[in-house]
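Structure file start02.cif with mmCIF, C-alpha atoms:
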```cif
data_target
#
loop_
_atom_site.label_atom_id
_atom_site.label_comp_id
_atom_site.auth_asym_id
_atom_site.auth_seq_id
_atom_site.Cartn_x
_atom_site.Cartn_y
_atom_site.Cartn_z
CA MET M 1 -14.76 24.90 -11.84
CA ILE M 2 -11.75 22.64 -12.33
CA GLU M 3 -9.81 25.63 -13.66
CA ILE M 4 -10.35 27.47 -10.41
CA ILE M 5 -9.11 24.49 -8.39
CA ILE M 6 -6.03 24.14 -10.61
CA SER M 7 -5.31 27.86 -10.28
CA ILE M 8 -5.57 27.68 -6.50
CA ILE M 9 -3.16 24.74 -6.39
CA LEU M 10 -0.66 26.54 -8.64
CA ILE M 11 -0.87 29.77 -6.63
CA LEU M 12 -0.37 27.87 -3.38
CA GLY M 13 2.69 26.18 -4.85
CA THR M 14 4.19 29.47 -5.95
CA PHE M 15 3.46 30.94 -2.54
CA PHE M 16 5.45 28.17 -0.85
CA ILE M 17 8.38 28.62 -3.24
CA ILE M 18 8.45 32.39 -2.67
CA SER M 19 8.29 31.84 1.08
CA SER M 20 11.21 29.45 0.92
CA SER M 21 13.26 31.98 -1.09
CA ILE M 22 12.51 34.72 1.43
CA GLY M 23 13.45 32.26 4.18
CA ILE M 24 16.80 31.59 2.54
CA ILE M 25 17.54 35.32 2.61
CA ARG M 26 16.16 35.99 6.08
CA PHE M 27 17.54 33.15 8.20
CA PRO M 28 20.89 33.70 9.90
CA ASP M 29 23.15 30.71 9.05
CA VAL M 30 23.62 27.80 6.65
CA TYR M 31 21.68 25.29 8.71
CA THR M 32 18.58 27.37 9.31
CA ARG M 33 18.62 28.40 5.66
CA LEU M 34 18.69 24.74 4.68
CA HIS M 35 15.50 24.27 6.68
CA ALA M 36 13.77 26.74 4.39
CA ALA M 37 15.38 25.39 1.22
CA SER M 38 14.74 21.71 1.83
CA LYS M 39 11.18 21.88 3.16
CA ALA M 40 9.05 24.65 1.78
CA SER M 41 10.33 24.19 -1.76
CA THR M 42 9.46 20.47 -1.88
CA LEU M 43 5.80 21.08 -1.17
CA GLY M 44 5.81 24.11 -3.49
CA VAL M 45 7.19 22.21 -6.47
CA SER M 46 5.00 19.19 -5.69
CA LEU M 47 1.88 21.36 -5.73
CA ILE M 48 2.86 22.89 -9.07
CA LEU M 49 3.43 19.42 -10.53
CA ILE M 50 0.06 18.26 -9.16
CA GLY M 51 -1.57 21.30 -10.75
CA ALA M 52 0.07 20.48 -14.08
CA PHE M 53 -1.06 16.84 -13.73
CA LEU M 54 -4.69 17.85 -13.16
CA PHE M 55 -4.54 20.29 -16.07
CA MET M 56 -3.26 17.59 -18.43
CA LEU M 57 -5.91 15.17 -17.13
CA TYR M 58 -8.93 17.42 -17.54
CA GLU M 59 -7.98 19.60 -20.51
CA HIS M 60 -6.12 17.10 -22.70
CA ASP M 61 -7.20 13.72 -21.30
CA ILE M 62 -3.58 12.69 -20.76
CA VAL M 63 -2.54 10.78 -17.65
CA SER M 64 0.98 12.13 -17.32
CA GLY M 65 3.03 9.60 -15.39
CA LYS M 66 6.15 11.72 -15.74
CA LEU M 67 4.71 14.41 -13.48
CA LEU M 68 3.88 11.87 -10.77
CA LEU M 69 7.36 10.37 -11.08
CA GLY M 70 8.73 13.91 -10.75
CA ILE M 71 6.98 14.32 -7.40
CA PHE M 72 8.27 10.94 -6.25
CA PHE M 73 11.89 11.73 -7.11
CA LEU M 74 11.60 15.19 -5.62
CA LEU M 75 10.52 13.73 -2.29
CA LEU M 76 13.34 11.22 -2.58
CA THR M 77 16.17 13.63 -3.40
CA ALA M 78 15.36 16.83 -1.50
CA PRO M 79 16.06 15.47 2.00
CA VAL M 80 19.21 13.72 0.81
CA SER M 81 20.65 16.91 -0.65
CA GLY M 82 19.68 18.84 2.49
CA HIS M 83 21.46 16.27 4.63
CA MET M 84 24.58 16.19 2.47
CA ILE M 85 24.91 20.00 2.26
CA SER M 86 24.54 20.44 6.01
CA ARG M 87 26.98 17.61 6.68
CA ALA M 88 29.53 19.04 4.27
CA ALA M 89 29.08 22.49 5.83
CA TYR M 90 29.66 21.12 9.33
CA LYS M 91 32.69 19.10 8.28
CA SER M 92 34.30 22.08 6.57
CA GLY M 93 33.89 24.07 9.76
CA VAL M 94 30.96 26.41 9.17
CA LYS M 95 30.01 27.92 12.53
CA LEU M 96 26.51 27.76 13.95
CA TRP M 97 24.64 31.01 14.42
CA ASP M 98 25.49 32.95 17.62
CA GLY M 99 21.95 32.44 18.91
CA SER M 100 22.32 28.66 18.87
CA ILE M 101 22.01 27.10 22.30
CA GLN M 102 23.21 23.53 21.88
CA ASP M 103 25.74 21.59 19.80
CA ASP M 104 26.09 17.88 20.48
CA LEU M 105 28.17 17.31 17.38
CA GLU M 106 31.05 19.45 18.63
CA GLU M 107 32.26 16.79 21.10
CA VAL M 108 32.39 14.18 18.38
CA LYS M 109 34.37 16.50 16.16
CA LYS M 110 36.89 17.25 18.90
CA LYS M 111 37.29 13.56 19.67
CA ILE M 112 38.10 12.83 16.06
CA GLU M 113 40.63 15.64 15.84
CA ASN M 114 42.53 14.51 18.94
CA MET T 115 6.81 -11.43 1.95
CA ALA T 116 8.19 -12.13 -1.54
CA PHE T 117 7.33 -15.81 -1.14
CA GLN T 118 3.71 -14.99 -0.35
CA VAL T 119 3.39 -12.63 -3.31
CA VAL T 120 4.74 -15.34 -5.63
CA LEU T 121 2.27 -17.87 -4.18
CA ASN T 122 -0.54 -15.41 -4.69
CA LEU T 123 0.48 -14.79 -8.32
CA ILE T 124 0.65 -18.53 -8.97
CA ILE T 125 -2.85 -18.99 -7.59
CA ALA T 126 -4.12 -16.15 -9.76
CA PHE T 127 -2.56 -17.67 -12.90
CA MET T 128 -3.92 -21.11 -12.03
CA TYR T 129 -7.40 -19.68 -11.63
CA MET T 130 -7.08 -17.93 -15.00
CA PHE T 131 -6.04 -21.16 -16.75
CA LEU T 132 -8.68 -23.22 -15.00
CA SER T 133 -11.50 -20.91 -15.99
CA GLU T 134 -10.01 -20.55 -19.51
CA THR T 135 -10.78 -16.85 -19.87
CA TYR T 136 -7.60 -14.86 -20.23
CA GLY T 137 -8.08 -11.25 -19.20
CA VAL T 138 -7.31 -8.72 -16.53
CA GLY T 139 -10.69 -9.25 -14.86
CA THR T 140 -10.23 -12.98 -14.34
CA PHE T 141 -6.67 -12.43 -13.19
CA LEU T 142 -7.75 -9.92 -10.57
CA PHE T 143 -10.52 -12.24 -9.37
CA GLY T 144 -8.00 -15.07 -9.10
CA TYR T 145 -5.67 -12.74 -7.19
CA LEU T 146 -8.46 -11.98 -4.73
CA ILE T 147 -9.11 -15.71 -4.28
CA GLY T 148 -5.39 -16.17 -3.67
CA LEU T 149 -5.45 -13.42 -1.04
CA PHE T 150 -8.38 -15.12 0.66
CA LEU T 151 -6.61 -18.51 0.63
CA LEU T 152 -3.42 -16.99 2.02
CA PHE T 153 -5.46 -15.30 4.71
CA LEU T 154 -7.04 -18.62 5.71
CA LEU T 155 -3.74 -20.50 5.62
CA GLN T 156 -1.57 -17.86 7.26
CA ARG T 157 -0.79 -20.12 10.22
CA PHE T 158 1.04 -22.58 7.96
CA ILE T 159 3.02 -20.09 5.88
CA PRO T 160 6.22 -18.48 7.17
CA ASP T 161 6.09 -14.72 7.98
CA ALA T 162 3.01 -12.68 8.73
CA PHE T 163 0.24 -12.13 6.22
CA TYR T 164 1.69 -9.71 3.69
CA LEU T 165 -1.31 -7.39 3.34
CA LYS T 166 -0.62 -6.33 6.90
CA ARG T 167 2.81 -5.09 5.88
CA ILE T 168 1.39 -3.25 2.90
CA TYR T 169 -1.08 -1.61 5.27
CA TYR T 170 1.83 -0.44 7.44
CA ILE T 171 3.66 0.93 4.40
CA VAL T 172 0.59 2.91 3.35
CA ARG T 173 0.26 4.24 6.89
CA LEU T 174 3.91 5.33 6.90
CA ILE T 175 3.42 7.20 3.62
CA LEU T 176 0.30 8.95 4.94
CA LEU T 177 2.10 9.90 8.15
CA PHE T 178 4.96 11.28 6.07
CA LEU T 179 2.65 13.40 3.89
CA LYS T 180 0.87 14.77 6.96
CA GLU T 181 4.17 15.79 8.58
CA LEU T 182 5.42 17.29 5.30
CA VAL T 183 2.42 19.62 5.05
CA LYS T 184 2.68 20.51 8.74
CA SER T 185 6.38 21.33 8.42
CA ASN T 186 5.73 23.58 5.44
CA PHE T 187 3.19 25.62 7.34
CA SER T 188 5.49 25.94 10.34
CA ILE T 189 8.41 27.12 8.19
CA VAL T 190 6.20 29.62 6.33
CA LYS T 191 5.00 30.95 9.67
CA LEU T 192 8.63 31.44 10.76
CA VAL T 193 9.55 33.15 7.49
CA TYR T 194 6.85 35.81 7.82
CA LYS T 195 7.30 36.41 11.53
CA PRO T 196 8.57 39.99 11.90
CA LYS T 197 10.91 39.18 14.77
CA LEU T 198 13.26 36.21 14.51
CA ASP T 199 13.10 34.69 18.00
CA ILE T 200 14.41 31.20 17.34
CA LYS T 201 16.90 29.15 19.36
CA PRO T 202 18.50 26.74 16.91
CA GLY T 203 20.93 24.01 17.87
CA ILE T 204 22.13 20.47 17.19
CA PHE T 205 20.93 17.63 19.37
CA MET T 206 21.59 13.89 19.34
CA LEU T 207 18.97 11.24 18.74
CA PRO T 208 19.85 7.71 19.83
CA THR T 209 18.13 5.23 17.53
CA GLU T 210 17.38 1.53 17.78
CA LEU T 211 17.20 1.06 14.03
CA ARG T 212 20.17 -0.87 12.66
CA SER T 213 20.17 -1.61 8.95
CA ASN T 214 21.29 0.96 6.36
CA TRP T 215 17.86 1.07 4.83
CA GLU T 216 16.07 1.88 8.07
CA VAL T 217 18.51 4.58 9.17
CA THR T 218 18.41 6.25 5.75
CA LEU T 219 14.63 6.31 5.83
CA LEU T 220 14.57 7.75 9.33
CA ALA T 221 17.11 10.47 8.49
CA ASN T 222 15.16 11.47 5.38
CA LEU T 223 11.87 11.55 7.25
CA ILE T 224 13.43 13.72 9.94
CA THR T 225 14.67 16.20 7.35
CA LEU T 226 11.22 16.69 5.88
CA THR T 227 9.39 17.10 9.18
CA PRO T 228 8.70 20.24 11.20
CA GLY T 229 11.72 22.12 12.47
CA THR T 230 14.32 19.36 12.17
CA LEU T 231 17.15 18.62 9.73
CA SER T 232 19.45 15.62 10.00
CA VAL T 233 23.08 16.80 9.87
CA ALA T 234 25.14 13.66 10.44
CA VAL T 235 24.94 9.98 11.26
CA SER T 236 27.54 8.45 13.57
CA ASP T 237 29.82 5.76 12.18
CA ASP T 238 28.10 2.89 13.98
CA GLN T 239 24.68 4.22 12.93
CA SER T 240 23.37 4.33 16.47
CA ARG T 241 23.11 8.11 16.69
CA ILE T 242 21.65 10.70 14.37
CA TYR T 243 22.62 14.34 14.86
CA ILE T 244 19.74 16.68 14.18
CA HIS T 245 19.70 20.43 13.68
CA ALA T 246 16.51 21.89 15.07
CA MET T 247 15.06 25.28 14.29
CA ASP T 248 13.90 25.74 17.83
CA ILE T 249 14.84 23.53 20.74
CA PRO T 250 12.94 24.48 23.87
CA ASP T 251 12.59 20.84 24.92
CA VAL T 252 14.97 18.26 23.48
CA GLU T 253 13.50 15.35 25.45
CA ALA T 254 10.01 15.93 24.09
CA GLU T 255 11.35 16.21 20.55
CA ILE T 256 13.29 12.94 20.84
CA LYS T 257 10.27 11.20 22.30
CA GLY T 258 8.07 12.52 19.50
CA ILE T 259 10.38 11.20 16.79
CA LYS T 260 10.76 7.85 18.53
CA ASP T 261 7.03 7.40 19.03
CA THR T 262 5.99 8.29 15.51
CA PHE T 263 8.66 7.59 12.91
CA GLU T 264 10.79 4.96 14.54
CA LYS T 265 7.73 2.93 15.47
CA ALA T 266 6.21 3.26 12.01
CA ILE T 267 9.48 2.23 10.32
CA MET T 268 9.91 -0.75 12.64
CA GLU T 269 6.39 -1.94 11.83
CA VAL T 270 7.28 -1.92 8.15
CA THR T 271 10.69 -3.56 8.28
CA ARG T 272 10.28 -6.14 11.06
#
```

Starting from the coordinates I provided, produce the structure as structure tokens.
Amino acid sequence: MIEIIISIILILGTFFIISSSIGIIRFPDVYTRLHAASKASTLGVSLILIGAFLFMLYEHDIVSGKLLLGIFFLLLTAPVSGHMISRAAYKSGVKLWDGSIQDDLEEVKKKIEN
Amino acid sequence: MAFQVVLNLIIAFMYMFLSETYGVGTFLFGYLIGLFLLFLLQRFIPDAFYLKRIYYIVRLILLFLKELVKSNFSIVKLVYKPKLDIKPGIFMLPTELRSNWEVTLLANLITLTPGTLSVAVSDDQSRIYIHAMDIPDVEAEIKGIKDTFEKAIMEVTR
């Protein structure tokens, strides 16, 4: 029974990671791609780590604190890297996608340049 | 908060020494007694009762997990949609949070929630620029963030 639950968790995790990879290919510009990269992959990797944790707990009777810490640091670092990459992209002048309808940051950028 | 935790620990240790049984069980029982005493005496101790703050922290974490799962499903839905009919853009969120810690937390929470990604924070930390996957209604989005995250963060830090 527990094996089935662990398998479902692992498959779900892989599904989210695959979706995020497809998203990175499909979306039109850096910023929308970052949406896919920074969100779907966090839950995907977390689910795989949770699956590994349950497996260790029930098959080997080991409470693996490292896996839990892994989830914690993943949740801590993923949004930071997403923020920094998008910020660096905007500062180095990467254009938004043509379909974008609003850009409040542009005024700030112009003000700084003048 | 730190002061109250120290008081509580002291009470727990005192109870352990008074009952002269040194173990985790006695310590925990003493800690519970300390909690009860602090609860009774909360009018005379500076700051609010600290369990309340811990309750708010737990609620913030639960809210965050809920939004994380929701955002994943929304992004997966977008990935498998055959036609890409999104209207992305960057909008500005004015925030009332001031300290570095609060603004960092808010920006990170925004990044991991449905359809939004924090791009930049203004120099005086009063504005966060957010890239949204789909912005049909900026006002509603701003209101949503203010009502959920900003409120939850304020409850924890103030």

Separation of CA of Ser41 (chain M) from CA of Asn222 (chain T), in Å and rounded to one decimal: 15.4 Å

The centre and edge lengths of an axis-aligned box containing all atoms of region 134-153 of chain T present in the file, extended by 3 Å on each side, are to be given in Å to one decimal, as lines of an AutoDock Vina configuration file.
```
center_x = -7.1
center_y = -14.6
center_z = -7.8
size_x = 13.4
size_y = 17.8
size_z = 30.9
```

Please find the residues of chain T near chain M - the criterion being any atom within 10 Å, counting all atoms listed in the file - and write them as number ranges by chain. T: 179, 182-183, 185-194, 198-207, 218-219, 221-236, 242-250, 252

Using the chain letters and numbers from the file, which residues does the PyMOL selection byres ((chain T and resi 116-130) around 8) grab, as a ChimeraX atom specification? /T:115,131-137,140-149,152,163-164

Length of the CA of Val94 (chain M) to CA of Asp237 (chain T) vector [Å]: 20.9 Å

Report the distance between CA of Ile267 (chain T) and CA of Leu69 (chain M) in Å, rounded to one decimal place.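 If I compute the distance from CA of Ile267 (chain T) to CA of Leu69 (chain M), I get 23.0 Å.
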
Would you pick out the contacts of Glu216 (chain T) at 9 Å or less, using only C-alpha atoms, so that residues sharing its chain but fewer than 6 positions from it are not included, and give the list as a short mmCIF file (atom, residue, chain, number, x, y, z; two decimals) with C-alpha atoms, in the frame of the given file?
```cif
data_model
loop_
_atom_site.label_atom_id
_atom_site.label_comp_id
_atom_site.auth_asym_id
_atom_site.auth_seq_id
_atom_site.Cartn_x
_atom_site.Cartn_y
_atom_site.Cartn_z
CA GLU T 264 10.79 4.96 14.54
CA ILE T 267 9.48 2.23 10.32
CA MET T 268 9.91 -0.75 12.64
CA THR T 271 10.69 -3.56 8.28
#
```

When the PyMOL selection byres ((chain T and resi 240) around 6) is applied to the structure above, which residues does it catch, written out as a list in words?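 Applied to this file, the PyMOL selection byres ((chain T and resi 240) around 6) returns Pro208, Thr209, Asp238, Gln239 and Arg241 of chain T.
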
So that I can check the surroundings of Leu54 (chain M), please list as number ranges by chain every protein, DNA and RNA residue that reaches within 9 Å of it, counting only C-alpha atoms and ignoring chain neighbours fewer than 3 positions away. M: 2, 6, 49-51, 57-59, 63

Surrounding residues of region 173-178 of chain T excluding itself and chain neighbours under 3 positions, 6 Å, all atoms listed in the file, as a ChimeraX atom specification: /T:170,181,266
